[in-house]
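Heads up, entry.txt below (compact mmCIF, C-alpha atoms):
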```txt
# COMPACT_ATOMS: atom_id res chain seq x y z
CA MET O 3 269.89 -42.72 27.56
CA ARG O 4 273.16 -43.71 29.25
CA LEU O 5 272.75 -40.91 31.81
CA ASP O 6 269.28 -42.21 32.74
CA ARG O 7 270.70 -45.70 33.23
CA GLU O 8 273.53 -44.36 35.42
CA ARG O 9 271.08 -42.31 37.49
CA THR O 10 268.90 -45.39 37.96
CA VAL O 11 271.86 -47.46 39.15
CA VAL O 12 272.98 -44.70 41.55
CA LEU O 13 269.45 -44.25 42.83
CA LEU O 14 269.09 -48.01 43.36
CA ALA O 15 272.45 -48.21 45.19
CA ILE O 16 271.52 -45.30 47.46
CA ALA O 17 268.09 -46.80 48.11
CA VAL O 18 269.66 -50.15 49.06
CA LEU O 19 272.19 -48.40 51.31
CA SER O 20 269.40 -46.39 52.95
CA TYR O 21 267.30 -49.52 53.45
CA PHE O 22 270.15 -51.32 55.25
CA ALA O 23 270.96 -48.25 57.35
CA ILE O 24 267.31 -47.87 58.43
CA GLU O 25 267.09 -51.63 59.06
CA ASP O 26 270.22 -51.35 61.21
CA ILE O 27 268.68 -48.48 63.18
CA PHE O 28 265.58 -50.55 63.99
CA GLU O 29 267.70 -53.55 64.88
CA ASP O 30 269.86 -51.39 67.19
CA LEU O 31 266.73 -49.98 68.81
CA GLY O 32 265.42 -53.50 69.35
CA LEU O 33 268.72 -54.59 70.91
CA GLY O 34 268.84 -51.53 73.13
CA GLN O 35 272.03 -50.15 71.58
CA SER O 36 273.48 -46.89 72.80
CA LEU O 37 272.18 -43.57 71.51
CA PRO O 38 275.53 -42.56 69.88
CA GLU O 39 275.55 -45.71 67.72
CA ILE O 40 271.94 -45.15 66.64
CA GLY O 41 272.77 -41.47 66.01
CA LEU O 42 275.64 -42.51 63.75
CA ASP O 43 273.35 -44.77 61.72
CA LEU O 44 270.78 -41.98 61.54
CA LEU O 45 273.49 -39.59 60.33
CA VAL O 46 274.31 -42.02 57.50
CA VAL O 47 270.64 -42.16 56.47
CA VAL O 48 270.27 -38.37 56.58
CA THR O 49 273.50 -37.93 54.58
CA VAL O 50 272.36 -40.40 51.95
CA LEU O 51 268.94 -38.78 51.68
CA SER O 52 270.58 -35.35 51.45
CA MET O 53 272.74 -36.63 48.60
CA LEU O 54 269.63 -37.94 46.86
CA ILE O 55 267.86 -34.62 47.20
CA TYR O 56 270.90 -32.75 45.91
CA ILE O 57 271.58 -35.10 42.98
CA TYR O 58 267.99 -35.50 41.82
CA VAL O 59 266.33 -32.24 42.84
CA LEU O 60 268.66 -29.33 43.61
CA ALA O 61 271.40 -29.91 41.00
CA PRO O 62 268.93 -30.32 38.08
CA LEU O 63 267.05 -27.17 39.20
CA LYS O 64 270.29 -25.20 39.29
CA MET O 65 271.30 -26.58 35.90
CA ARG O 66 267.94 -25.60 34.36
CA ARG O 67 268.22 -22.11 35.87
CA ASP O 68 271.78 -21.73 34.57
CA ASN O 69 270.70 -22.92 31.13
CA ARG O 70 267.87 -20.36 31.05
CA LEU O 71 270.31 -17.59 32.02
CA LEU O 72 272.77 -18.67 29.32
CA ALA O 73 270.00 -18.85 26.73
CA ALA O 74 268.86 -15.33 27.69
CA ARG O 75 272.44 -14.04 27.42
CA ASN O 76 272.85 -15.73 24.04
CA ARG O 77 269.63 -14.13 22.80
CA ALA O 78 270.77 -10.72 24.07
CA GLN O 79 274.17 -11.11 22.40
CA GLY O 80 272.47 -12.19 19.18
CA ASP O 81 270.26 -9.10 19.34
CA ASP O 82 273.33 -6.91 19.96
CA LEU O 83 275.15 -8.51 17.05
CA ALA O 84 272.18 -7.97 14.73
CA ARG O 85 271.92 -4.33 15.83
CA LEU O 86 275.64 -3.74 15.35
CA SER O 87 275.47 -5.39 11.96
CA LEU O 88 272.70 -3.01 10.91
CA VAL O 89 274.69 -0.03 12.20
CA ALA O 90 277.81 -1.17 10.33
CA GLU O 91 275.78 -1.72 7.17
CA ALA O 92 274.29 1.78 7.45
CA GLN O 93 277.72 3.28 8.03
CA LEU O 94 279.18 1.46 5.03
CA HIS O 95 276.26 2.59 2.92
CA GLY O 96 276.85 6.16 4.12
CA LEU O 97 280.55 5.89 3.25
CA SER O 98 279.66 4.56 -0.18
CA VAL O 99 277.28 7.48 -0.76
CA TYR O 100 279.94 9.92 0.46
CA ILE O 101 282.60 8.45 -1.86
CA LYS O 102 280.25 8.52 -4.86
CA ALA O 103 279.28 12.13 -4.11
CA GLN O 104 282.96 13.11 -3.89
CA PHE O 105 283.71 11.38 -7.19
CA GLU O 106 280.89 13.34 -8.80
CA ASP O 107 282.13 16.55 -7.16
CA TRP O 108 285.53 15.96 -8.75
CA GLY O 109 283.77 15.47 -12.09
CA LEU O 110 284.89 11.88 -12.62
CA THR O 111 283.26 9.96 -15.45
CA LEU O 112 281.53 6.66 -14.66
CA ALA O 113 284.56 4.77 -15.97
CA GLU O 114 286.89 6.86 -13.81
CA GLN O 115 284.61 6.31 -10.80
CA ASP O 116 284.90 2.55 -11.35
CA VAL O 117 288.69 2.78 -11.56
CA ALA O 118 288.89 5.06 -8.50
CA LEU O 119 286.78 2.61 -6.48
CA LEU O 120 289.00 -0.29 -7.55
CA LEU O 121 292.08 1.77 -6.63
CA LEU O 122 290.58 2.40 -3.18
CA LYS O 123 290.00 -1.33 -2.81
CA GLY O 124 293.70 -1.93 -3.46
CA PHE O 125 293.64 -3.65 -6.84
CA SER O 126 296.69 -3.39 -9.07
CA MET O 127 296.55 -1.70 -12.48
CA LYS O 128 296.76 -5.10 -14.13
CA GLU O 129 293.79 -6.39 -12.08
CA ILE O 130 291.78 -3.23 -12.76
CA ALA O 131 292.41 -3.55 -16.49
CA TYR O 132 291.37 -7.21 -16.42
CA MET O 133 288.18 -6.55 -14.43
CA ARG O 134 287.17 -3.62 -16.60
CA GLN O 135 288.20 -5.44 -19.79
CA VAL O 136 290.42 -2.61 -20.95
CA SER O 137 294.14 -2.38 -21.58
CA GLU O 138 296.45 -1.70 -18.70
CA ARG O 139 297.47 1.51 -20.47
CA THR O 140 293.84 2.70 -20.50
CA ALA O 141 293.49 1.93 -16.79
CA ARG O 142 296.67 3.93 -16.06
CA GLN O 143 295.43 6.88 -18.14
CA GLN O 144 292.12 6.85 -16.25
CA ALA O 145 293.99 6.73 -12.93
CA THR O 146 296.12 9.71 -14.02
CA ARG O 147 292.96 11.69 -14.90
CA ILE O 148 291.49 10.78 -11.49
CA TYR O 149 294.56 12.15 -9.70
CA GLU O 150 294.52 15.32 -11.83
CA LYS O 151 290.80 15.99 -11.28
CA SER O 152 291.02 15.29 -7.54
CA GLU O 153 294.31 17.18 -7.20
CA LEU O 154 295.75 14.21 -5.31
CA THR O 155 299.21 12.75 -5.80
CA GLY O 156 298.43 9.08 -6.30
CA ARG O 157 296.81 6.01 -4.86
CA ALA O 158 297.98 6.78 -1.31
CA GLY O 159 296.61 10.31 -1.57
CA LEU O 160 293.29 8.99 -2.83
CA ALA O 161 292.98 6.50 0.02
CA GLY O 162 294.19 9.07 2.53
CA PHE O 163 291.58 11.58 1.38
CA PHE O 164 288.76 9.26 2.46
CA LEU O 165 290.50 7.78 5.51
CA GLU O 166 291.17 11.24 6.91
CA ASP O 167 287.44 11.80 7.41
CA LEU O 168 286.96 8.38 8.99
CA LEU O 169 289.64 8.78 11.65
CA LEU O 170 288.96 11.14 14.51
CA PRO O 171 291.95 12.85 16.16
CA SER O 172 291.51 10.65 19.26
CA ASP O 173 291.90 7.55 17.06
CA LEU O 174 295.54 8.44 16.44
CA ARG O 175 296.60 7.92 20.06
```

So, in terms of C-alpha cells, how does the structure I just supplied come out?
Amino acid sequence: MRLDRERTVVLLAIAVLSYFAIEDIFEDLGLGQSLPEIGLDLLVVVTVLSMLIYIYVLAPLKMRRDNRLLAARNRAQGDDLARLSLVAEAQLHGLSVYIKAQFEDWGLTLAEQDVALLLLKGFSMKEIAYMRQVSERTARQQATRIYEKSELTGRAGLAGFFLEDLLLPSDLR
C-alpha cells in the first residue's frame, strides 16, 4: 500500500516536471530560442520519460523474471532435497537391515539385539538398564555375551565392526 502511494507521488512529480519541460520547449520555440537551448530542454524530457519507462516498465519486468527464476531454483532445490532424503532413508533402512542380519548371524537373542543396538547408539549401561527395565548388572551380562558371540573386544569393537563397512578407503584421506 505504501509502495503504491510512493509510486503515485513519484509518477505525479515526474509528470509535472515533464509538463513544465514540454511547456518550456514550446515557449522557447515561440520566442525563437536557439536550437541548443531547445535541445537541452528536450534532453530533460527524454531523460525523464526514460526514467519513467525504466521505473514503471523495465524494472518490474526484470523483478518478475528474477522472481520466476528464484522460484524455479527453489522448486529444483526442494526436489533435490526430497530425493536426497529418500536416498538417505533407504540407506539407513539398508544399514538397519544389515545390522539386524549381522546380529542374527552372531546368534544374539532379541534382548541382546536390543542391548547391542543401544550400545551402538552410545547409551551408557545405566541408561540401557533403565530403558530396558532391567538391572544394570543384567545389561552388563548381556553386553558381555554380545562381545563373546561376536568375538569383538567391547563397545568400540562393536561400533568399529559396522563403521568399517560404511567407510571406503578413500574416505580416510

* Asked: Which residue out of O:Ser52, O:Asn69, O:Ser152, O:Ser36 has the minimum interatomic distance to Gly109 of chain O when all atoms listed in the file are used?
  -> O:Ser152

* Å distance separating atom CA of Asp30 of chain O from atom CA of Asp43 of chain O, one decimal place -> 9.3 Å

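Counting from atom CA of Ile130 of chain O, the distance to atom CA of Phe105 of chain O is 17.6 Å.
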
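Interatomic distance, atom CA of Glu29 of chain O against atom CA of Val47 of chain O: 14.5 Å.
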
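Closest approach to Glu129 of chain O among O:Gly32, O:Ile57, O:Ala141, O:Ala158 is made by O:Ala141 (distances from only C-alpha atoms).
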
* Asked: Got a sec: who's within 12 Å of segment 26-28 of chain O, counting all atoms listed in the file, leaving out chain neighbours fewer than 4 positions off, as a PyMOL selection string?
  -> chain O and resi 19-22+32-47

3 Å per side around segment 25-29 of chain O: axis-aligned box centre and edge lengths, as lines of an AutoDock Vina configuration file:
```
center_x = 267.9
center_y = -51.0
center_z = 62.0
size_x = 10.6
size_y = 11.1
size_z = 11.8
```

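Near segment 91-103 of chain O, within 9 Å and counting all atoms listed in the file, sit Leu86, Ser87, Leu88, Val89, Phe105, Glu106, Asp107, Trp108, Gln115, Leu119, Phe164 and Leu168 of chain O, not including residues fewer than 2 positions from it in the same chain.
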
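Among the candidates O:Ala61, O:Leu154, O:Ala90, O:Ala161, the residue lying nearest to Lys123 of chain O is O:Ala161 (atoms considered: only C-alpha atoms).
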
* Asked: Using all atoms listed in the file, which residue out of O:Arg157, O:Val59, O:Arg7, O:Leu83 lies closest to Phe125 of chain O?
  -> O:Arg157

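Considering the residues O:Val11, O:Leu110, O:Leu165, O:Leu60 and counting all atoms listed in the file, Tyr149 of chain O has its shortest atom-to-atom contact with O:Leu110.
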
* Using only C-alpha atoms, give me every residue within 6 Å of (293.3, 4.3, -10.8) in file coordinates, as a PyMOL selection string. => chain O and resi 117-118+121+145

Atoms kept (C-alpha atoms) for selection, written as a PDB file, in the coordinates of the input:
```
ATOM      1  CA  VAL O 117     288.690   2.780 -11.560  1.00  0.00           C
ATOM      2  CA  ALA O 118     288.890   5.060  -8.500  1.00  0.00           C
ATOM      3  CA  LEU O 121     292.080   1.770  -6.630  1.00  0.00           C
ATOM      4  CA  ALA O 145     293.990   6.730 -12.930  1.00  0.00           C
TER       5      ALA O 145
END
```

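Residue nearest Gln143 of chain O, chosen from O:Glu25, O:Glu114, O:Glu166, O:Asp68 and counting only C-alpha atoms: O:Glu114.
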
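Near (268.9, -42.4, 49.6), the residues inside the 6 Å limit, counting only C-alpha atoms, come to Ile16, Ala17, Ser20, Val50, Leu51 and Leu54 of chain O.
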
As a PDB file, in the coordinates of the input, could you write out segment 85-96 of chain O once it has been completed with all heavy atoms?
```pdb
ATOM      1  N   ARG O  85     271.991  -5.788  15.808  1.00  0.00           N
ATOM      2  CA  ARG O  85     271.920  -4.330  15.830  1.00  0.00           C
ATOM      3  C   ARG O  85     273.220  -3.726  15.325  1.00  0.00           C
ATOM      4  O   ARG O  85     273.216  -2.813  14.490  1.00  0.00           O
ATOM      5  CB  ARG O  85     271.615  -3.841  17.251  1.00  0.00           C
ATOM      6  CG  ARG O  85     271.445  -2.336  17.369  1.00  0.00           C
ATOM      7  CD  ARG O  85     271.173  -1.894  18.800  1.00  0.00           C
ATOM      8  NE  ARG O  85     272.090  -2.432  19.790  1.00  0.00           N
ATOM      9  CZ  ARG O  85     273.345  -1.995  19.975  1.00  0.00           C
ATOM     10  NH1 ARG O  85     273.817  -1.024  19.243  1.00  0.00           N
ATOM     11  NH2 ARG O  85     274.105  -2.532  20.901  1.00  0.00           N
ATOM     12  N   LEU O  86     274.350  -4.250  15.803  1.00  0.00           N
ATOM     13  CA  LEU O  86     275.640  -3.740  15.350  1.00  0.00           C
ATOM     14  C   LEU O  86     275.858  -3.982  13.861  1.00  0.00           C
ATOM     15  O   LEU O  86     276.456  -3.155  13.166  1.00  0.00           O
ATOM     16  CB  LEU O  86     276.772  -4.377  16.162  1.00  0.00           C
ATOM     17  CG  LEU O  86     276.863  -3.927  17.619  1.00  0.00           C
ATOM     18  CD1 LEU O  86     277.910  -4.759  18.362  1.00  0.00           C
ATOM     19  CD2 LEU O  86     277.193  -2.454  17.713  1.00  0.00           C
ATOM     20  N   SER O  87     275.365  -5.092  13.379  1.00  0.00           N
ATOM     21  CA  SER O  87     275.470  -5.390  11.960  1.00  0.00           C
ATOM     22  C   SER O  87     274.690  -4.372  11.134  1.00  0.00           C
ATOM     23  O   SER O  87     275.166  -3.902  10.090  1.00  0.00           O
ATOM     24  CB  SER O  87     274.956  -6.806  11.688  1.00  0.00           C
ATOM     25  OG  SER O  87     275.033  -7.105  10.323  1.00  0.00           O
ATOM     26  N   LEU O  88     273.499  -4.022  11.607  1.00  0.00           N
ATOM     27  CA  LEU O  88     272.700  -3.010  10.910  1.00  0.00           C
ATOM     28  C   LEU O  88     273.387  -1.648  10.936  1.00  0.00           C
ATOM     29  O   LEU O  88     273.404  -0.923   9.941  1.00  0.00           O
ATOM     30  CB  LEU O  88     271.302  -2.905  11.523  1.00  0.00           C
ATOM     31  CG  LEU O  88     270.368  -4.074  11.263  1.00  0.00           C
ATOM     32  CD1 LEU O  88     269.066  -3.912  12.039  1.00  0.00           C
ATOM     33  CD2 LEU O  88     270.079  -4.195   9.770  1.00  0.00           C
ATOM     34  N   VAL O  89     273.969  -1.300  12.085  1.00  0.00           N
ATOM     35  CA  VAL O  89     274.690  -0.030  12.200  1.00  0.00           C
ATOM     36  C   VAL O  89     275.870  -0.007  11.240  1.00  0.00           C
ATOM     37  O   VAL O  89     276.086   0.980  10.533  1.00  0.00           O
ATOM     38  CB  VAL O  89     275.144   0.203  13.665  1.00  0.00           C
ATOM     39  CG1 VAL O  89     276.137   1.355  13.757  1.00  0.00           C
ATOM     40  CG2 VAL O  89     273.946   0.453  14.568  1.00  0.00           C
ATOM     41  N   ALA O  90     276.644  -1.097  11.221  1.00  0.00           N
ATOM     42  CA  ALA O  90     277.810  -1.170  10.330  1.00  0.00           C
ATOM     43  C   ALA O  90     277.368  -1.079   8.872  1.00  0.00           C
ATOM     44  O   ALA O  90     278.008  -0.382   8.065  1.00  0.00           O
ATOM     45  CB  ALA O  90     278.584  -2.466  10.577  1.00  0.00           C
ATOM     46  N   GLU O  91     276.287  -1.753   8.539  1.00  0.00           N
ATOM     47  CA  GLU O  91     275.780  -1.720   7.170  1.00  0.00           C
ATOM     48  C   GLU O  91     275.366  -0.293   6.790  1.00  0.00           C
ATOM     49  O   GLU O  91     275.669   0.189   5.697  1.00  0.00           O
ATOM     50  CB  GLU O  91     274.587  -2.665   7.033  1.00  0.00           C
ATOM     51  CG  GLU O  91     274.074  -2.815   5.616  1.00  0.00           C
ATOM     52  CD  GLU O  91     272.939  -3.815   5.523  1.00  0.00           C
ATOM     53  OE1 GLU O  91     272.959  -4.817   6.253  1.00  0.00           O
ATOM     54  OE2 GLU O  91     272.036  -3.570   4.705  1.00  0.00           O
ATOM     55  N   ALA O  92     274.695   0.393   7.709  1.00  0.00           N
ATOM     56  CA  ALA O  92     274.290   1.780   7.450  1.00  0.00           C
ATOM     57  C   ALA O  92     275.500   2.676   7.287  1.00  0.00           C
ATOM     58  O   ALA O  92     275.528   3.562   6.413  1.00  0.00           O
ATOM     59  CB  ALA O  92     273.387   2.279   8.584  1.00  0.00           C
ATOM     60  N   GLN O  93     276.521   2.465   8.130  1.00  0.00           N
ATOM     61  CA  GLN O  93     277.720   3.280   8.030  1.00  0.00           C
ATOM     62  C   GLN O  93     278.452   3.028   6.711  1.00  0.00           C
ATOM     63  O   GLN O  93     278.930   3.968   6.067  1.00  0.00           O
ATOM     64  CB  GLN O  93     278.646   3.024   9.213  1.00  0.00           C
ATOM     65  CG  GLN O  93     278.104   3.586  10.508  1.00  0.00           C
ATOM     66  CD  GLN O  93     278.924   3.191  11.719  1.00  0.00           C
ATOM     67  OE1 GLN O  93     279.677   2.232  11.676  1.00  0.00           O
ATOM     68  NE2 GLN O  93     278.760   3.930  12.797  1.00  0.00           N
ATOM     69  N   LEU O  94     278.537   1.765   6.312  1.00  0.00           N
ATOM     70  CA  LEU O  94     279.180   1.460   5.030  1.00  0.00           C
ATOM     71  C   LEU O  94     278.404   2.052   3.877  1.00  0.00           C
ATOM     72  O   LEU O  94     278.988   2.562   2.916  1.00  0.00           O
ATOM     73  CB  LEU O  94     279.333  -0.056   4.861  1.00  0.00           C
ATOM     74  CG  LEU O  94     280.421  -0.701   5.710  1.00  0.00           C
ATOM     75  CD1 LEU O  94     280.387  -2.215   5.558  1.00  0.00           C
ATOM     76  CD2 LEU O  94     281.784  -0.163   5.330  1.00  0.00           C
ATOM     77  N   HIS O  95     277.092   1.998   3.964  1.00  0.00           N
ATOM     78  CA  HIS O  95     276.260   2.590   2.920  1.00  0.00           C
ATOM     79  C   HIS O  95     276.511   4.101   2.873  1.00  0.00           C
ATOM     80  O   HIS O  95     276.656   4.686   1.798  1.00  0.00           O
ATOM     81  CB  HIS O  95     274.782   2.300   3.155  1.00  0.00           C
ATOM     82  CG  HIS O  95     273.894   2.934   2.140  1.00  0.00           C
ATOM     83  ND1 HIS O  95     273.823   2.488   0.840  1.00  0.00           N
ATOM     84  CD2 HIS O  95     273.071   4.007   2.217  1.00  0.00           C
ATOM     85  CE1 HIS O  95     272.991   3.247   0.162  1.00  0.00           C
ATOM     86  NE2 HIS O  95     272.513   4.176   0.977  1.00  0.00           N
ATOM     87  N   GLY O  96     276.582   4.721   4.052  1.00  0.00           N
ATOM     88  CA  GLY O  96     276.850   6.160   4.120  1.00  0.00           C
ATOM     89  C   GLY O  96     278.214   6.495   3.527  1.00  0.00           C
ATOM     90  O   GLY O  96     278.365   7.497   2.811  1.00  0.00           O
TER      91      GLY O  96
END
```
